[in-house]
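Asks: Provided herewith is a single structure, encoded as structure tokens, for subsequent inquiry.
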Amino acid sequence: MSAHAVSPQISFDESLIRKYDQSGPRYTSYPTADRFHNGFTEKDYRQALMARREKPEPLSVYVHIPFCNTICYYCACNKIITKDHGRSAKYIRYLAREMDIVCGLLEPRDVRSLKQLHWGGGTPTFLSSEEMTALMEHLKNYFTLTEDAEVSVEVDPRKVDAETVALLGRLGFNRISVGVQDFNLEVQKAINRIQSEEETLMVIHAARANGFISVNTDLIYGLPKQTIDGFAETLDRVISVSPDRIALYNYAHVPHMAKPQRRIALEDVPGPEEKLQILALAIEKLGSAGYIYIGMDHFAKPDDELARAQREGTLHRNFQGYTTHADCDLLAFGISGIGKVGATYVQSVKTLDDYYGALDMRKLPVLRGYVLDSDDIVRRAVIQQLMCQFELFPAKVERQWGLVFDDYFATEKALLPPLAEDGLIDLLPDRIRVTDRGRLLVRTVAMLFDKHLREAEVRGKYSKVI
Ligand code: SF4
């Protein structure tokens, strides 16, 4: 395969990908979560929350529902596999308790307006209808959703009927993310996730019938037993129902880090060559079907709000991926959730016992966190620009942060010319621009500006770029 354009804004260049296919972070935050430390305590989080009284940024809320009915072998998320639905009822009571403590530290209710709410997991639809209703009531008790709020939920079609989707609509959800991965039965058997096309399409149709503004589907390439022809069929079928967004994730086989992956036979996983061909095919098909490359695994229709935000320069990136909401503080509720308040990041404890134990003492369930210094804040803005807009204007950085770009980033500037020679970036008089060929590798460019990464040489920890 040679370099060939497949859409006006992204092209697949096999040799470039091979050269730069190194491990790297995904930059849903900067600094990345591996920088968080236990020296950041509950007291620090309380202080950050109280500091919001002086400067109440708009709010976004993430709720983590960790439960799943069965295990998907590829999964590296923090989840609890159980058939015992009694466990979620208790969890919801404690979520309310956590909201009570957090909101007790915030400014009065009338300014606590929520621009964005997301339920993720695990499997949010593990909850019964009553539990979903109760959880939304708790949230509405503490927060006020703005008129244009983005209210989204991750749905596993295997456990959902049309009535549940209708309920989600009535509860106020207007965006839905549907896990598909691959429609091929052999792949589904190999990952222990049997999910018929009918049940998936039913959820998508029900979402549209119930007024959801945006439908996202998640696909994964590189899964065991996946073939080029089989994945081509999955892509055709997904494209035929015209989701507003398609996320195409890379399966990284790291059984030493993700225990469930030990159930996947290495010989069933496509080799690097085949995997690249599957990716090339996916990009070609999505481009031909009119999808725009947003960045880092995400494609959207040109009229989708993410694509519009990218065109208008207002696209942002947070722990949930790309978003149109700039500079929101993000409050995370539930185990392992990661939030951002002012110049701090905070992550919650990872087990139910720790979570319940902390809340029983009316303590916030903080596991670790991080306070950004002024250099982190500048670099966060630079990396955000690259990840979301694929270009960086030094003059803008100088104006915004009162620095001389060439001096401040002298080390980074010296590293840029080889990337330009390879065609990953263009060094233009007024900007650094990631080329169409470089877009799939944008995090390679972002990594140059990551001081922590450079200092710590922790590349071995991350999944491959592609
Ligand atoms: S992929 Fe989703 S449904 Fe499957 S085990 Fe992981 S969190 Fe649960």
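Letters A, B, ... mark the chains of the structure tokens in the order given; residue numbers begin at 1 per chain; ligand numbers begin at 1, in order shown.
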Show me, as a ChimeraX atom specification, the residues that have an atom within 9 Å of Lys225 in chain A when counting only C-alpha atoms, minus same-chain residues fewer than 6 positions from it.
Replies: /A:184,186-188,190,267-270
Asks: Check the DSSP output for the backbone and give back, as a list in words, the residues of range 369-454 of chain A in strand (DSSP E).
Replies: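 Strand (DSSP E) members of range 369-454 of chain A, listed: Gly369, Tyr370, Val371, Glu391, Leu392, Ile425, Asp426, Leu427, Ile432, Arg433 and Val434 of chain A.
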Asks: Within 9 Å of ligand 1, counting only C-alpha atoms and all ligand atoms, which protein or nucleic acid residues do you find, written as a ChimeraX atom specification?
Replies: /A:66-81,120-123,155-156,179,192-193,260
Asks: Limited to C-alpha atoms, could you put the picked residues into a file as a compact mmCIF listing (two decimals), in the first residue's frame?
Replies:
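Once written, part33.txt looks like this:
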# COMPACT_ATOMS: atom_id res chain seq x y z
CA PRO A 66 -19.16 -0.16 36.93
CA PHE A 67 -21.43 -3.20 36.60
CA CYS A 68 -21.61 -5.56 33.61
CA ASN A 69 -23.56 -8.77 33.15
CA THR A 70 -20.81 -10.67 31.36
CA ILE A 71 -17.20 -10.04 30.52
CA CYS A 72 -15.95 -9.06 27.09
CA TYR A 73 -12.49 -10.53 26.77
CA TYR A 74 -10.95 -7.48 25.07
CA CYS A 75 -12.01 -5.12 27.86
CA ALA A 76 -9.49 -3.14 29.88
CA CYS A 77 -12.05 -0.95 31.74
CA ASN A 78 -12.60 -0.86 35.48
CA LYS A 79 -15.78 -2.93 35.79
CA ILE A 80 -17.51 -5.44 38.07
CA ILE A 81 -19.00 -8.53 36.46
CA GLY A 120 -20.45 5.62 31.30
CA GLY A 121 -19.19 2.28 32.47
CA GLY A 122 -19.15 -0.59 32.81
CA THR A 123 -22.68 -0.71 31.56
CA VAL A 155 -25.67 1.56 25.85
CA ASP A 156 -24.98 -2.13 25.54
CA GLY A 179 -21.31 -0.48 21.56
CA ASN A 192 -17.38 -13.37 24.43
CA ARG A 193 -19.80 -10.74 23.26
CA PRO A 260 -9.60 -10.76 30.60
Asks: Interatomic distance between CA of Ile204 in chain A and CA of Pro124 in chain A?
Replies: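 Spanning CA of Ile204 in chain A to CA of Pro124 in chain A is a straight-line distance of 16.4 Å.
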Asks: When you look at range 330-332 of chain A with a cut-off of 8 Å (counting only C-alpha atoms), what residues show up, excluding the ones that are within fewer than 5 positions of it in the same chain? I need them as a short mmCIF file (atom, residue, chain, number, x, y, z; two decimals) with C-alpha atoms, in the first residue's frame.
Replies:
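Everything below was put into selection_10.cif:
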data_model
loop_
_atom_site.label_atom_id
_atom_site.label_comp_id
_atom_site.auth_asym_id
_atom_site.auth_seq_id
_atom_site.Cartn_x
_atom_site.Cartn_y
_atom_site.Cartn_z
CA LEU A 59 -19.99 22.22 34.83
CA SER A 60 -19.87 18.81 33.27
CA VAL A 61 -20.70 15.64 35.22
CA TYR A 62 -19.59 12.07 34.61
CA VAL A 63 -21.22 9.15 36.42
CA HIS A 64 -19.45 5.80 36.35
CA GLY A 337 -13.98 8.30 37.82
CA ILE A 338 -11.58 11.09 36.88
CA GLY A 339 -12.59 14.73 37.28
CA LYS A 340 -11.07 18.13 36.66
CA VAL A 341 -11.74 21.11 38.87
#
Asks: Extract, using only C-alpha atoms, all DNA, RNA and protein residues at most 10 Å from range 126-129 of chain A, discarding same-chain residues fewer than 6 positions from it, and format them as an MDAnalysis selection string.
Replies: chainID A and resid 65:69 82:83 85:89 92 135 155:156 159:160 163:164 167:168
